[in-house]
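Colleague: Data: query34.cif, mmCIF, N, CA and C atoms.
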data_coords
#
loop_
_atom_site.label_atom_id
_atom_site.label_comp_id
_atom_site.auth_asym_id
_atom_site.auth_seq_id
_atom_site.Cartn_x
_atom_site.Cartn_y
_atom_site.Cartn_z
N MET A 1 -39.69 -0.97 -14.82
CA MET A 1 -38.57 -0.23 -15.38
C MET A 1 -37.46 -0.05 -14.34
N ASP A 2 -37.84 -0.06 -13.05
CA ASP A 2 -36.83 0.14 -12.02
C ASP A 2 -35.84 -1.01 -11.97
N GLY A 3 -36.28 -2.22 -12.29
CA GLY A 3 -35.38 -3.36 -12.26
C GLY A 3 -34.47 -3.44 -13.46
N LEU A 4 -34.74 -2.65 -14.49
CA LEU A 4 -33.93 -2.70 -15.70
C LEU A 4 -32.67 -1.85 -15.59
N TRP A 5 -32.72 -0.75 -14.85
CA TRP A 5 -31.56 0.14 -14.74
C TRP A 5 -30.31 -0.54 -14.20
N PRO A 6 -30.39 -1.33 -13.14
CA PRO A 6 -29.17 -1.99 -12.65
C PRO A 6 -28.56 -2.92 -13.68
N VAL A 7 -29.40 -3.63 -14.41
CA VAL A 7 -28.89 -4.55 -15.44
C VAL A 7 -28.20 -3.76 -16.55
N LEU A 8 -28.80 -2.65 -16.94
CA LEU A 8 -28.18 -1.82 -17.98
C LEU A 8 -26.87 -1.20 -17.51
N LEU A 9 -26.79 -0.81 -16.25
CA LEU A 9 -25.54 -0.25 -15.72
C LEU A 9 -24.44 -1.30 -15.67
N ILE A 10 -24.79 -2.52 -15.29
CA ILE A 10 -23.78 -3.58 -15.26
C ILE A 10 -23.34 -3.94 -16.68
N ALA A 11 -24.27 -3.94 -17.63
CA ALA A 11 -23.91 -4.19 -19.02
C ALA A 11 -23.01 -3.08 -19.56
N LEU A 12 -23.31 -1.84 -19.20
CA LEU A 12 -22.46 -0.71 -19.60
C LEU A 12 -21.06 -0.87 -19.02
N GLY A 13 -20.99 -1.31 -17.77
CA GLY A 13 -19.69 -1.56 -17.15
C GLY A 13 -18.91 -2.63 -17.90
N GLY A 14 -19.59 -3.65 -18.36
CA GLY A 14 -18.92 -4.69 -19.15
C GLY A 14 -18.40 -4.16 -20.47
N LEU A 15 -19.18 -3.34 -21.13
CA LEU A 15 -18.72 -2.74 -22.39
C LEU A 15 -17.52 -1.82 -22.16
N LEU A 16 -17.58 -1.03 -21.11
CA LEU A 16 -16.46 -0.14 -20.80
C LEU A 16 -15.21 -0.92 -20.43
N ALA A 17 -15.38 -2.02 -19.70
CA ALA A 17 -14.23 -2.85 -19.34
C ALA A 17 -13.61 -3.48 -20.57
N GLY A 18 -14.43 -3.90 -21.51
CA GLY A 18 -13.91 -4.44 -22.77
C GLY A 18 -13.15 -3.39 -23.56
N GLY A 19 -13.66 -2.18 -23.57
CA GLY A 19 -12.95 -1.10 -24.25
C GLY A 19 -11.64 -0.77 -23.57
N ALA A 20 -11.62 -0.81 -22.26
CA ALA A 20 -10.39 -0.55 -21.52
C ALA A 20 -9.36 -1.62 -21.81
N PHE A 21 -9.81 -2.86 -21.86
CA PHE A 21 -8.90 -3.97 -22.15
C PHE A 21 -8.32 -3.85 -23.55
N SER A 22 -9.14 -3.48 -24.52
CA SER A 22 -8.66 -3.40 -25.90
C SER A 22 -7.76 -2.18 -26.13
N LEU A 23 -7.91 -1.13 -25.33
CA LEU A 23 -7.09 0.06 -25.50
C LEU A 23 -5.78 0.02 -24.72
N TRP A 24 -5.56 -1.00 -23.92
CA TRP A 24 -4.41 -1.03 -23.02
C TRP A 24 -3.09 -0.88 -23.76
N LYS A 25 -2.94 -1.52 -24.92
CA LYS A 25 -1.68 -1.44 -25.67
C LYS A 25 -1.55 -0.13 -26.42
N VAL A 26 -2.66 0.52 -26.72
CA VAL A 26 -2.64 1.74 -27.52
C VAL A 26 -2.41 2.97 -26.65
N ASN A 27 -3.23 3.11 -25.60
CA ASN A 27 -3.16 4.29 -24.75
C ASN A 27 -3.55 3.89 -23.33
N LYS A 28 -2.57 3.84 -22.47
CA LYS A 28 -2.80 3.35 -21.11
C LYS A 28 -3.61 4.34 -20.26
N VAL A 29 -3.47 5.63 -20.52
CA VAL A 29 -4.20 6.63 -19.72
C VAL A 29 -5.70 6.52 -19.97
N ILE A 30 -6.10 6.47 -21.22
CA ILE A 30 -7.52 6.34 -21.54
C ILE A 30 -8.05 4.99 -21.06
N SER A 31 -7.22 3.98 -21.14
CA SER A 31 -7.62 2.66 -20.66
C SER A 31 -7.90 2.66 -19.16
N VAL A 32 -7.07 3.33 -18.40
CA VAL A 32 -7.29 3.42 -16.95
C VAL A 32 -8.55 4.21 -16.65
N LEU A 33 -8.78 5.29 -17.40
CA LEU A 33 -10.00 6.08 -17.20
C LEU A 33 -11.26 5.26 -17.52
N LEU A 34 -11.20 4.49 -18.62
CA LEU A 34 -12.33 3.64 -18.96
C LEU A 34 -12.54 2.56 -17.90
N GLY A 35 -11.46 2.03 -17.37
CA GLY A 35 -11.57 1.04 -16.31
C GLY A 35 -12.22 1.61 -15.06
N GLY A 36 -11.87 2.85 -14.73
CA GLY A 36 -12.51 3.51 -13.59
C GLY A 36 -13.99 3.73 -13.82
N CYS A 37 -14.34 4.14 -15.02
CA CYS A 37 -15.76 4.32 -15.35
C CYS A 37 -16.50 2.99 -15.31
N ALA A 38 -15.84 1.93 -15.77
CA ALA A 38 -16.46 0.61 -15.72
C ALA A 38 -16.70 0.18 -14.28
N ALA A 39 -15.73 0.43 -13.41
CA ALA A 39 -15.90 0.06 -12.01
C ALA A 39 -17.04 0.85 -11.37
N LEU A 40 -17.16 2.13 -11.70
CA LEU A 40 -18.26 2.94 -11.16
C LEU A 40 -19.61 2.45 -11.67
N ALA A 41 -19.68 2.09 -12.95
CA ALA A 41 -20.96 1.62 -13.50
C ALA A 41 -21.38 0.31 -12.86
N VAL A 42 -20.44 -0.61 -12.69
CA VAL A 42 -20.78 -1.90 -12.08
C VAL A 42 -21.15 -1.71 -10.61
N ALA A 43 -20.42 -0.85 -9.92
CA ALA A 43 -20.72 -0.62 -8.50
C ALA A 43 -22.10 0.03 -8.35
N SER A 44 -22.43 0.98 -9.20
CA SER A 44 -23.74 1.62 -9.08
C SER A 44 -24.86 0.65 -9.44
N GLY A 45 -24.63 -0.22 -10.41
CA GLY A 45 -25.62 -1.24 -10.72
C GLY A 45 -25.82 -2.21 -9.57
N ALA A 46 -24.71 -2.61 -8.94
CA ALA A 46 -24.80 -3.52 -7.80
C ALA A 46 -25.48 -2.85 -6.62
N LEU A 47 -25.22 -1.57 -6.42
CA LEU A 47 -25.88 -0.84 -5.33
C LEU A 47 -27.38 -0.72 -5.56
N ARG A 48 -27.76 -0.50 -6.81
CA ARG A 48 -29.19 -0.39 -7.11
C ARG A 48 -29.89 -1.72 -6.92
N LEU A 49 -29.17 -2.82 -7.13
CA LEU A 49 -29.75 -4.14 -6.90
C LEU A 49 -29.75 -4.51 -5.42
N GLY A 50 -28.96 -3.79 -4.63
CA GLY A 50 -28.91 -4.05 -3.20
C GLY A 50 -27.87 -5.08 -2.80
N TYR A 51 -26.87 -5.31 -3.62
CA TYR A 51 -25.84 -6.30 -3.32
C TYR A 51 -24.72 -5.75 -2.45
N LEU A 52 -24.52 -4.45 -2.45
CA LEU A 52 -23.45 -3.87 -1.65
C LEU A 52 -24.01 -3.04 -0.51
#
Please, can you express the file's structure as structure tokens?

Modeller:
Amino acid sequence: MDGLWPVLLIALGGLLAGGAFSLWKVNKVISVLLGGCAALAVASGALRLGYL
């Protein structure tokens, strides 16, 4: 189960990045916040895998 968390965090980051991309024309503030959350999720997944 320990090896699954990083993959799930990176997948969550991808979903959040897609949401940020789709919201860019509608609301830039929420899009930037989602992009920041996506970056945090991907970074935490990469840290758990030991890449950073």

Colleague: Skipping near chain neighbours, those fewer than 6 positions away, what residues fall within 8 Å of Leu33 of chain A using all atoms listed in the file, listed as a list in words?

Modeller: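 In the requested format, the answer is Leu16, Ala20 and Ala39 of chain A.
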
Colleague: Specify as a VMD selection string each residue included when the PyMOL selection byres ((chain A and resi 48) around 8) is applied to this file.

Modeller: chain A and resid 2 to 3 5 to 7 42 to 47 49 to 52

Colleague: Which value, in Å to one decimal, gives the distance between atom CA of Val32 of chain A and atom CA of Leu4 of chain A?

Modeller: 27.4 Å

Colleague: Hey, can you check how far atom CA of Ala17 of chain A sits from atom CA of Ser31 of chain A?

Modeller: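 That distance, rounded to one decimal, is 8.7 Å.
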
Colleague: Atom C of Cys37 of chain A to atom CA of Leu15 of chain A: how many Å, to one decimal?

Modeller: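 Atom-to-atom, atom C of Cys37 of chain A to atom CA of Leu15 of chain A, that is 9.4 Å.
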